[in-house]
Each structure stands twice: as structure tokens, then as C-alpha cells.
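This is work_0.txt. It holds compact mmCIF, C-alpha atoms and all ligand atoms.
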# COMPACT_ATOMS: atom_id res chain seq x y z
CA MET A 6 24.71 1.00 13.08
CA LYS A 7 22.75 1.45 9.85
CA ALA A 8 19.04 0.74 9.52
CA ILE A 9 19.51 -1.32 6.36
CA GLU A 10 22.64 -2.57 4.60
CA PHE A 11 22.96 -4.46 1.32
CA GLN A 12 26.48 -5.82 0.94
CA ASP A 13 27.30 -7.31 -2.49
CA VAL A 14 23.84 -8.81 -2.69
CA SER A 15 22.75 -10.88 -5.68
CA PHE A 16 19.46 -12.72 -5.97
CA SER A 17 17.66 -14.96 -8.45
CA TYR A 18 14.33 -16.79 -8.26
CA ASN A 19 15.49 -19.25 -10.93
CA SER A 20 18.38 -19.12 -13.37
CA GLU A 21 17.96 -15.46 -14.22
CA GLU A 22 19.61 -12.97 -11.89
CA VAL A 23 17.09 -10.44 -10.65
CA LEU A 24 19.44 -8.36 -8.51
CA SER A 25 23.19 -8.14 -9.06
CA ASP A 26 25.88 -6.91 -6.69
CA LEU A 27 23.71 -4.53 -4.73
CA ASN A 28 25.51 -2.26 -2.32
CA LEU A 29 23.43 0.21 -0.40
CA GLU A 30 23.34 1.67 3.08
CA ILE A 31 20.30 3.35 4.53
CA GLY A 32 20.88 5.26 7.74
CA ARG A 33 18.56 5.38 10.71
CA GLY A 34 15.91 8.03 10.23
CA GLU A 35 16.52 8.28 6.50
CA PHE A 36 13.62 8.55 4.04
CA VAL A 37 14.53 6.86 0.77
CA ALA A 38 12.47 6.38 -2.40
CA ILE A 39 13.19 3.52 -4.80
CA LEU A 40 12.30 4.00 -8.46
CA GLY A 41 12.79 1.81 -11.48
CA PRO A 42 10.89 0.09 -14.31
CA ASN A 43 8.61 -2.92 -13.81
CA GLY A 44 10.65 -6.02 -13.13
CA ALA A 45 13.60 -3.99 -11.83
CA GLY A 46 13.68 -5.98 -8.60
CA LYS A 47 12.19 -3.32 -6.33
CA SER A 48 9.72 -5.62 -4.54
CA THR A 49 12.41 -8.29 -4.32
CA MET A 50 14.66 -5.80 -2.54
CA LEU A 51 12.00 -5.15 0.08
CA LYS A 52 11.45 -8.90 0.56
CA LEU A 53 15.18 -9.44 1.04
CA THR A 54 15.08 -6.67 3.65
CA LEU A 55 12.25 -8.46 5.44
CA GLY A 56 14.26 -11.67 5.44
CA LEU A 57 11.61 -13.43 3.36
CA LEU A 58 14.16 -14.37 0.70
CA ARG A 59 17.72 -15.59 1.06
CA PRO A 60 20.37 -13.77 -0.98
CA LYS A 61 22.26 -15.98 -3.42
CA LYS A 62 25.34 -13.96 -2.61
CA GLY A 63 26.17 -11.26 -0.09
CA THR A 64 24.42 -10.13 3.06
CA VAL A 65 21.42 -8.02 3.93
CA LYS A 66 21.46 -6.52 7.40
CA VAL A 67 18.63 -4.84 9.23
CA LEU A 68 19.44 -2.95 12.44
CA GLY A 69 22.68 -4.91 12.45
CA PHE A 70 21.00 -8.33 12.18
CA ASN A 71 21.35 -10.74 9.28
CA ALA A 72 17.98 -10.28 7.57
CA TYR A 73 17.48 -13.90 6.54
CA GLU A 74 19.13 -15.71 9.44
CA GLU A 75 18.08 -13.48 12.32
CA ARG A 76 14.67 -12.40 11.14
CA ASP A 77 13.03 -12.96 14.54
CA LYS A 78 15.31 -10.40 16.15
CA PHE A 79 14.16 -7.42 14.13
CA VAL A 80 10.93 -8.31 12.38
CA ASP A 81 8.71 -6.58 14.96
CA LYS A 82 10.64 -3.38 14.34
CA VAL A 83 9.74 -3.37 10.64
CA GLY A 84 6.35 -2.40 9.24
CA TYR A 85 5.55 -3.56 5.71
CA LEU A 86 2.96 -2.42 3.22
CA PRO A 87 3.03 -5.00 0.41
CA GLN A 88 2.33 -4.25 -3.22
CA ARG A 89 -1.40 -4.30 -3.90
CA GLU A 90 -1.19 -7.26 -6.27
CA GLU A 91 0.13 -9.41 -3.46
CA ILE A 92 -2.85 -8.93 -1.18
CA HIS A 93 -5.31 -11.78 -1.54
CA LEU A 94 -8.04 -11.77 1.06
CA GLU A 95 -10.28 -14.78 0.60
CA ALA A 96 -12.65 -14.19 3.49
CA PRO A 97 -14.70 -11.02 3.93
CA LEU A 98 -12.70 -9.26 6.64
CA THR A 99 -13.45 -6.04 8.46
CA ILE A 100 -10.94 -3.20 8.50
CA SER A 101 -9.98 -4.00 12.04
CA GLN A 102 -9.44 -7.70 11.20
CA VAL A 103 -7.23 -6.81 8.24
CA VAL A 104 -5.10 -4.62 10.52
CA LYS A 105 -4.68 -7.43 13.06
CA LEU A 106 -4.16 -10.28 10.60
CA PRO A 107 -0.33 -10.44 10.34
CA MET A 108 0.13 -10.19 14.12
CA LEU A 109 -2.48 -12.88 14.77
CA ALA A 110 -0.83 -15.06 12.13
CA LYS A 111 2.41 -14.75 14.12
CA GLY A 112 0.56 -15.93 17.23
CA LYS A 113 0.68 -12.51 18.87
CA LYS A 114 -2.13 -10.83 20.75
CA VAL A 115 -3.38 -7.51 19.46
CA GLY A 116 -5.21 -5.10 21.74
CA GLU A 117 -8.22 -3.19 20.39
CA GLU A 118 -6.64 0.02 21.63
CA SER A 119 -3.54 -0.39 19.46
CA VAL A 120 -5.73 -1.11 16.41
CA ARG A 121 -7.81 2.00 17.15
CA LYS A 122 -4.65 4.06 17.53
CA ALA A 123 -3.18 2.86 14.23
CA LEU A 124 -6.46 3.51 12.40
CA LYS A 125 -6.69 6.96 13.98
CA ILE A 126 -3.31 7.89 12.51
CA VAL A 127 -4.68 7.32 8.99
CA GLY A 128 -8.07 8.85 9.84
CA LEU A 129 -10.16 5.68 9.65
CA GLU A 130 -10.94 5.01 13.31
CA ASN A 131 -14.67 5.52 12.86
CA ILE A 132 -15.27 2.85 10.24
CA SER A 133 -13.24 -0.03 11.66
CA ASP A 134 -16.20 -2.45 11.39
CA LYS A 135 -16.69 -1.90 7.66
CA LEU A 136 -15.67 -4.64 5.25
CA PHE A 137 -12.23 -4.09 3.71
CA SER A 138 -13.49 -5.25 0.30
CA GLU A 139 -16.09 -2.46 0.23
CA LEU A 140 -13.53 0.33 0.60
CA SER A 141 -12.11 2.53 -2.13
CA GLY A 142 -8.53 1.94 -3.27
CA GLY A 143 -7.35 4.94 -1.24
CA GLN A 144 -9.07 3.74 1.92
CA GLN A 145 -7.70 0.22 1.49
CA GLN A 146 -4.19 1.57 1.12
CA LYS A 147 -4.64 3.63 4.31
CA VAL A 148 -5.81 0.52 6.16
CA LEU A 149 -2.67 -1.28 4.99
CA LEU A 150 -0.59 1.66 6.16
CA ALA A 151 -2.30 1.50 9.58
CA ARG A 152 -1.44 -2.19 9.65
CA ALA A 153 2.21 -1.44 8.90
CA LEU A 154 2.20 1.05 11.78
CA LEU A 155 0.56 -1.29 14.29
CA SER A 156 3.67 -2.28 16.22
CA ASP A 157 5.07 1.28 16.12
CA PRO A 158 8.00 0.02 14.02
CA GLU A 159 11.36 1.72 13.60
CA ILE A 160 11.50 0.97 9.89
CA LEU A 161 8.70 1.26 7.33
CA LEU A 162 8.88 -0.56 3.99
CA LEU A 163 6.21 0.55 1.52
CA ASP A 164 5.69 -1.09 -1.87
CA GLU A 165 3.86 1.33 -4.19
CA PRO A 166 1.75 2.94 -1.46
CA PHE A 167 0.08 5.33 -3.95
CA ASN A 168 -1.04 2.63 -6.35
CA GLY A 169 -4.77 3.05 -7.04
CA VAL A 170 -5.07 5.89 -4.55
CA ASP A 171 -7.11 9.08 -4.99
CA VAL A 172 -5.51 12.50 -4.47
CA LEU A 173 -6.91 13.12 -0.98
CA SER A 174 -5.83 9.71 0.30
CA GLN A 175 -2.44 10.26 -1.28
CA GLU A 176 -2.11 13.54 0.62
CA LYS A 177 -3.07 11.81 3.84
CA ILE A 178 -0.52 9.05 3.29
CA VAL A 179 2.21 11.60 2.56
CA GLU A 180 1.23 13.51 5.71
CA VAL A 181 1.46 10.35 7.83
CA LEU A 182 4.83 9.42 6.34
CA ALA A 183 6.18 12.95 6.89
CA GLU A 184 5.07 12.72 10.52
CA MET A 185 6.73 9.30 10.93
CA SER A 186 9.87 10.65 9.30
CA SER A 187 9.95 13.63 11.67
CA ARG A 188 9.72 11.15 14.55
CA GLY A 189 12.94 9.55 13.33
CA LYS A 190 11.51 6.48 11.60
CA THR A 191 13.44 5.02 8.68
CA ILE A 192 11.24 4.88 5.58
CA VAL A 193 11.86 3.08 2.30
CA ALA A 194 9.13 3.62 -0.29
CA VAL A 195 8.94 2.08 -3.76
CA VAL A 196 7.15 4.56 -6.00
CA HIS A 197 6.67 5.22 -9.71
CA ASN A 198 6.22 8.93 -9.27
CA ILE A 199 8.55 10.84 -7.01
CA ASN A 200 6.44 14.02 -6.93
CA PRO A 201 4.25 13.34 -3.89
CA LEU A 202 7.33 12.62 -1.76
CA LEU A 203 9.82 15.04 -3.27
CA HIS A 204 9.85 17.40 -0.29
CA ASN A 205 10.13 14.61 2.25
CA ILE A 206 12.76 12.23 0.93
CA ASP A 207 16.46 12.39 1.67
CA ARG A 208 17.62 10.22 -1.23
CA VAL A 209 16.44 8.39 -4.32
CA VAL A 210 17.66 5.00 -5.49
CA LEU A 211 17.28 4.35 -9.20
CA LEU A 212 17.16 0.59 -9.64
CA ASN A 213 17.20 -1.74 -12.59
CA ARG A 214 18.53 -5.06 -11.38
CA ARG A 215 21.52 -3.02 -10.23
CA VAL A 216 21.74 0.28 -8.45
CA VAL A 217 21.90 2.70 -11.37
CA ALA A 218 22.20 5.81 -9.20
CA VAL A 219 21.73 6.91 -5.60
CA GLY A 220 21.54 10.43 -4.27
CA LYS A 221 19.48 13.60 -4.20
CA PRO A 222 16.73 13.71 -6.84
CA ASN A 223 18.45 16.42 -8.91
CA GLU A 224 21.64 14.33 -9.02
CA VAL A 225 19.90 11.06 -9.79
CA PHE A 226 17.46 12.14 -12.51
CA SER A 227 20.02 12.92 -15.20
CA GLU A 228 19.25 11.86 -18.74
CA GLU A 229 22.12 9.40 -18.64
CA ASN A 230 20.77 7.69 -15.53
CA ILE A 231 17.22 7.61 -16.88
CA VAL A 232 18.43 5.89 -20.04
CA LYS A 233 20.39 3.40 -17.97
CA ALA A 234 17.42 2.60 -15.76
CA TYR A 235 14.48 2.76 -18.18
CA GLY A 236 16.26 1.99 -21.43
CA THR A 237 14.87 5.08 -23.05
CA SER A 238 15.41 8.78 -22.86
CA ILE A 239 12.37 10.13 -21.09
CA PRO A 240 12.45 13.87 -20.58
CA ILE A 241 12.40 14.76 -16.93
CA VAL A 242 10.50 17.95 -16.46
CA VAL A 243 11.54 20.21 -13.67
CA CYS A 244 8.75 22.38 -12.42
CA GLU A 245 7.69 24.05 -9.19
CA GLU A 246 6.29 20.84 -7.78
CA GLY A 247 9.58 19.17 -8.56
CA TYR A 248 10.59 16.52 -11.00
CA THR A 249 7.98 14.79 -13.03
CA HIS A 250 8.18 11.79 -15.17
CA PRO A 251 5.74 11.86 -18.09
CA LEU A 252 5.36 8.09 -18.20
CA TYR A 253 4.89 7.59 -14.54
CA GLY A 254 3.78 10.87 -13.07
CA ASP A 255 1.80 13.98 -13.71
CA TYR A 256 3.06 15.99 -16.61
CA HIS A 257 3.29 19.66 -15.86
CA GLY A 258 4.75 20.67 -19.22
N1 LIG B 301 8.14 -15.48 -7.00
C1 LIG B 301 8.79 -15.28 -8.15
N2 LIG B 301 9.22 -16.30 -8.91
C2 LIG B 301 9.89 -16.12 -10.05
N3 LIG B 301 10.17 -14.89 -10.56
C3 LIG B 301 9.78 -13.82 -9.86
C4 LIG B 301 9.06 -13.95 -8.62
N4 LIG B 301 8.79 -12.71 -8.14
C5 LIG B 301 9.32 -11.84 -9.04
N5 LIG B 301 9.89 -12.50 -10.08
C6 LIG B 301 10.60 -11.88 -11.22
O1 LIG B 301 11.71 -11.16 -10.71
C7 LIG B 301 11.87 -9.92 -11.40
C8 LIG B 301 11.83 -8.77 -10.40
O2 LIG B 301 10.53 -8.73 -9.81
P1 LIG B 301 10.09 -7.63 -8.78
O3 LIG B 301 11.06 -7.59 -7.66
O4 LIG B 301 8.66 -7.90 -8.45
O5 LIG B 301 10.24 -6.28 -9.64
P2 LIG B 301 9.54 -4.86 -9.44
O6 LIG B 301 8.94 -4.82 -8.08
O7 LIG B 301 10.66 -3.88 -9.62
O8 LIG B 301 8.52 -4.73 -10.52
C9 LIG B 301 10.78 -9.88 -12.44
O9 LIG B 301 11.31 -10.31 -13.67
C10 LIG B 301 9.74 -10.85 -11.92
O10 LIG B 301 9.03 -11.43 -12.97
MG MG B 302 7.04 -4.52 -7.43
Could the structure of this file be written out as C-alpha cells, please?
Amino acid sequence: MKAIEFQDVSFSYNSEEVLSDLNLEIGRGEFVAILGPNGAGKSTMLKLTLGLLRPKKGTVKVLGFNAYEERDKFVDKVGYLPQREEIHLEAPLTISQVVKLPMLAKGKKVGEESVRKALKIVGLENISDKLFSELSGGQQQKVLLARALLSDPEILLLDEPFNGVDVLSQEKIVEVLAEMSSRGKTIVAVVHNINPLLHNIDRVVLLNRRVVAVGKPNEVFSEENIVKAYGTSIPIVVCEEGYTHPLYGDYHG
């Protein structure tokens, strides 16, 4: 059984189709990065995987369950780090409260020990009483990663985990993901820059409303595929660190 399967999936919020005829299988224990321009449907793909949206056509399966219709059966096995823009915290919450929030919202009890453990993984166990709003972008993102790890999920879905993150926090996040990957977790990360994850990922999906290409980074980042996905020929620079994308990543020309 696959971790995640998209079978002929199409989706639209209104009249305009956002995802068309998506077919994709992600195996258990695979580490996959999703890249594509803004508006490509990357976040929508993660939400379909979480069963938060119903496909207009086709089926999304997670651990063999229908993502939309059988959400309850797998949702505890999936950890989710939403895109930064989607996090709106009205009240001043502490780190520890932010970590517990989704579980409490589901009516589940959360032990202090599991919160401490999750925060320890990202190296923030000593400041759990600090206000979330007072943290740096990197620290906030690590708190959200801890939250995604809280139920020790089998699958991790990460929407732009490096957005607004400093270099050291980025390294820590990569280290945590590498560790999770080595423990057999399935990881799907939406990123704009593949470099930080290049040595850890198994495959890349290039998305622009459709799957433009799937495979190893050196197969996927051909000029033809880049033009198809981004609508423009952006030189992909191959250097020691890997493949960089001048618009979205560090340029090591
Ligand atoms: N809740 C929504 N209602 C209507 N349109 C939406 C909604 N969320 C996203 N969209 C639109 O769907 C398209 C894909 O969005 P999204 O999945 O967020 O892309 P990405 O994450 O790749 O930037 C975009 O054109 C976006 O404007
Ligand atoms: Mg997005």
C-alpha cells in the first residue's frame, strides 16, 4: 500500500480548474519535494491529501483510505505544517499552547511530556513558556514543525517550511527531517528552493496545475521542464551544493 495516491484528480475552488488530472504515487518512507510557481496548486495538493478538500474528479488515498471520505481513519497519522500565510493566531499563545492547539481543537488530550518531547526534537524545549508572537521566523517555523511531529505521525506534509527562516534554523529543520526520513517517515515538502533538501529527497515533483515532471532532480530540472512549469527559461545552475534556481534559491554562479 502506498502512503499517498492521486488518481486522476482534478480540483477547482470555483469555475477555474486549479489541478487537472493529477496522477502521483508516493511510497511509504519516500521523501518528496514539490516545486512550482505561485498559484501552481501546491498548497491545494496538500489540503486534498489531508482530506480538507473534496476532489471534483478522481480519488486521493492516504495509507489506503479515501482522503476526503475516510479522513478520521488516517488523520492522526499525518502531521501538517501549513503555509505561514495561513496561520492566524488571534490570542497571545505560548509556544506550548501553539503546539497543543490542533489536538485540543479535535477534543484530544495532550500530555505535557509529549509536548516537551516534540519541542526537544526541534531544540526549543527550554523556552516553551515564551509567547509564539515574540519568536523569530525561524523559531516559529520550528514550533510549527514540533506541532506537526506531536502525534509521531507516519506522514509529514510541509508547506514551505523554510519560508522566513534564518540559515541556522533551516539547518536544524533539515536535520530533523533527515532524521525523520531515516526513521522511515514519508515526507512531502513544498519548497521554492531545492538546495537545502537536495541530499535528502528521493524525488521531485514539478507542478503547475498539472504534474509537469516527476523524478530525480537531475532528470526533472531540464530546461524544457522548467519552461513548462515556470513559463520562462530560467537557467538552472549545477554546482557542488546541487541545483540552484536563481529566482528562488541562492545563486552560486
Ligand atoms: N480558498 C480559495 N478560494 C478560491 N481560490 C483559491 C483558494 N485557495 C487557493 N485558490 C487559488 O487556487 C490556485 C492555487 O492555489 P495554491 O494551491 O495556494 O497554489 P500554490 O500553493 O502553488 O501557490 C491559485 O490561483 C489560488 O489563487
Ligand atoms: Mg502555497
Requested in this report: Could the residues that lie within 12 Å of ligand MG 302 (chain B), counting all atoms listed in the file, be listed as a ChimeraX atom specification?
Outcome: /A:39-52,86-91,163-166,168,194-197,212-213
Once you count all atoms listed in the file, what closest atom pair and distance in Å to one decimal does each residue of range 39-134 of chain A within 12 Å of range 11-14 of chain A have, with rows by chain and rising residue number, as a tab-separated table?
residue	atom	partner	partner_atom	distance
A:Thr49	CA	A:Val14	CA	11.6
A:Met50	CA	A:Phe11	CA	9.3
A:Leu51	CA	A:Phe11	CA	11.1
A:Leu53	CA	A:Phe11	CA	9.2
A:Thr54	CA	A:Phe11	CA	8.5
A:Leu58	CA	A:Val14	CA	11.7
A:Arg59	CA	A:Val14	CA	9.9
A:Pro60	CA	A:Val14	CA	6.3
A:Lys61	CA	A:Val14	CA	7.4
A:Lys62	CA	A:Val14	CA	5.4
A:Gly63	CA	A:Val14	CA	4.3
A:Thr64	CA	A:Gln12	CA	5.2
A:Val65	CA	A:Phe11	CA	4.7
A:Lys66	CA	A:Phe11	CA	6.6
A:Val67	CA	A:Phe11	CA	9.0
A:Leu68	CA	A:Phe11	CA	11.8
A:Gly69	CA	A:Phe11	CA	11.1
A:Phe70	CA	A:Phe11	CA	11.7
A:Asn71	CA	A:Phe11	CA	10.3
A:Ala72	CA	A:Phe11	CA	9.9
Quick one: axis-aligned box around all listed atoms of ligand LIG 301 (chain B), 5 Å on every side, centre and edge lengths in Å to one decimal, written as lines of an AutoDock Vina configuration file.
center_x = 10.0
center_y = -10.1
center_z = -10.3
size_x = 13.7
size_y = 22.4
size_z = 16.7
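Computed from the coordinates, the CA of Asn205 in chain A to CA of Ala8 in chain A distance equals 18.0 Å.
For the point (15.3, 4.4, 10.1), the residues with at least one atom inside 7 Å, counting only C-alpha atoms, are Ala8, Gly32, Arg33, Gly34, Glu35, Glu159, Ile160, Gly189, Lys190, Thr191 and Ile192 of chain A.
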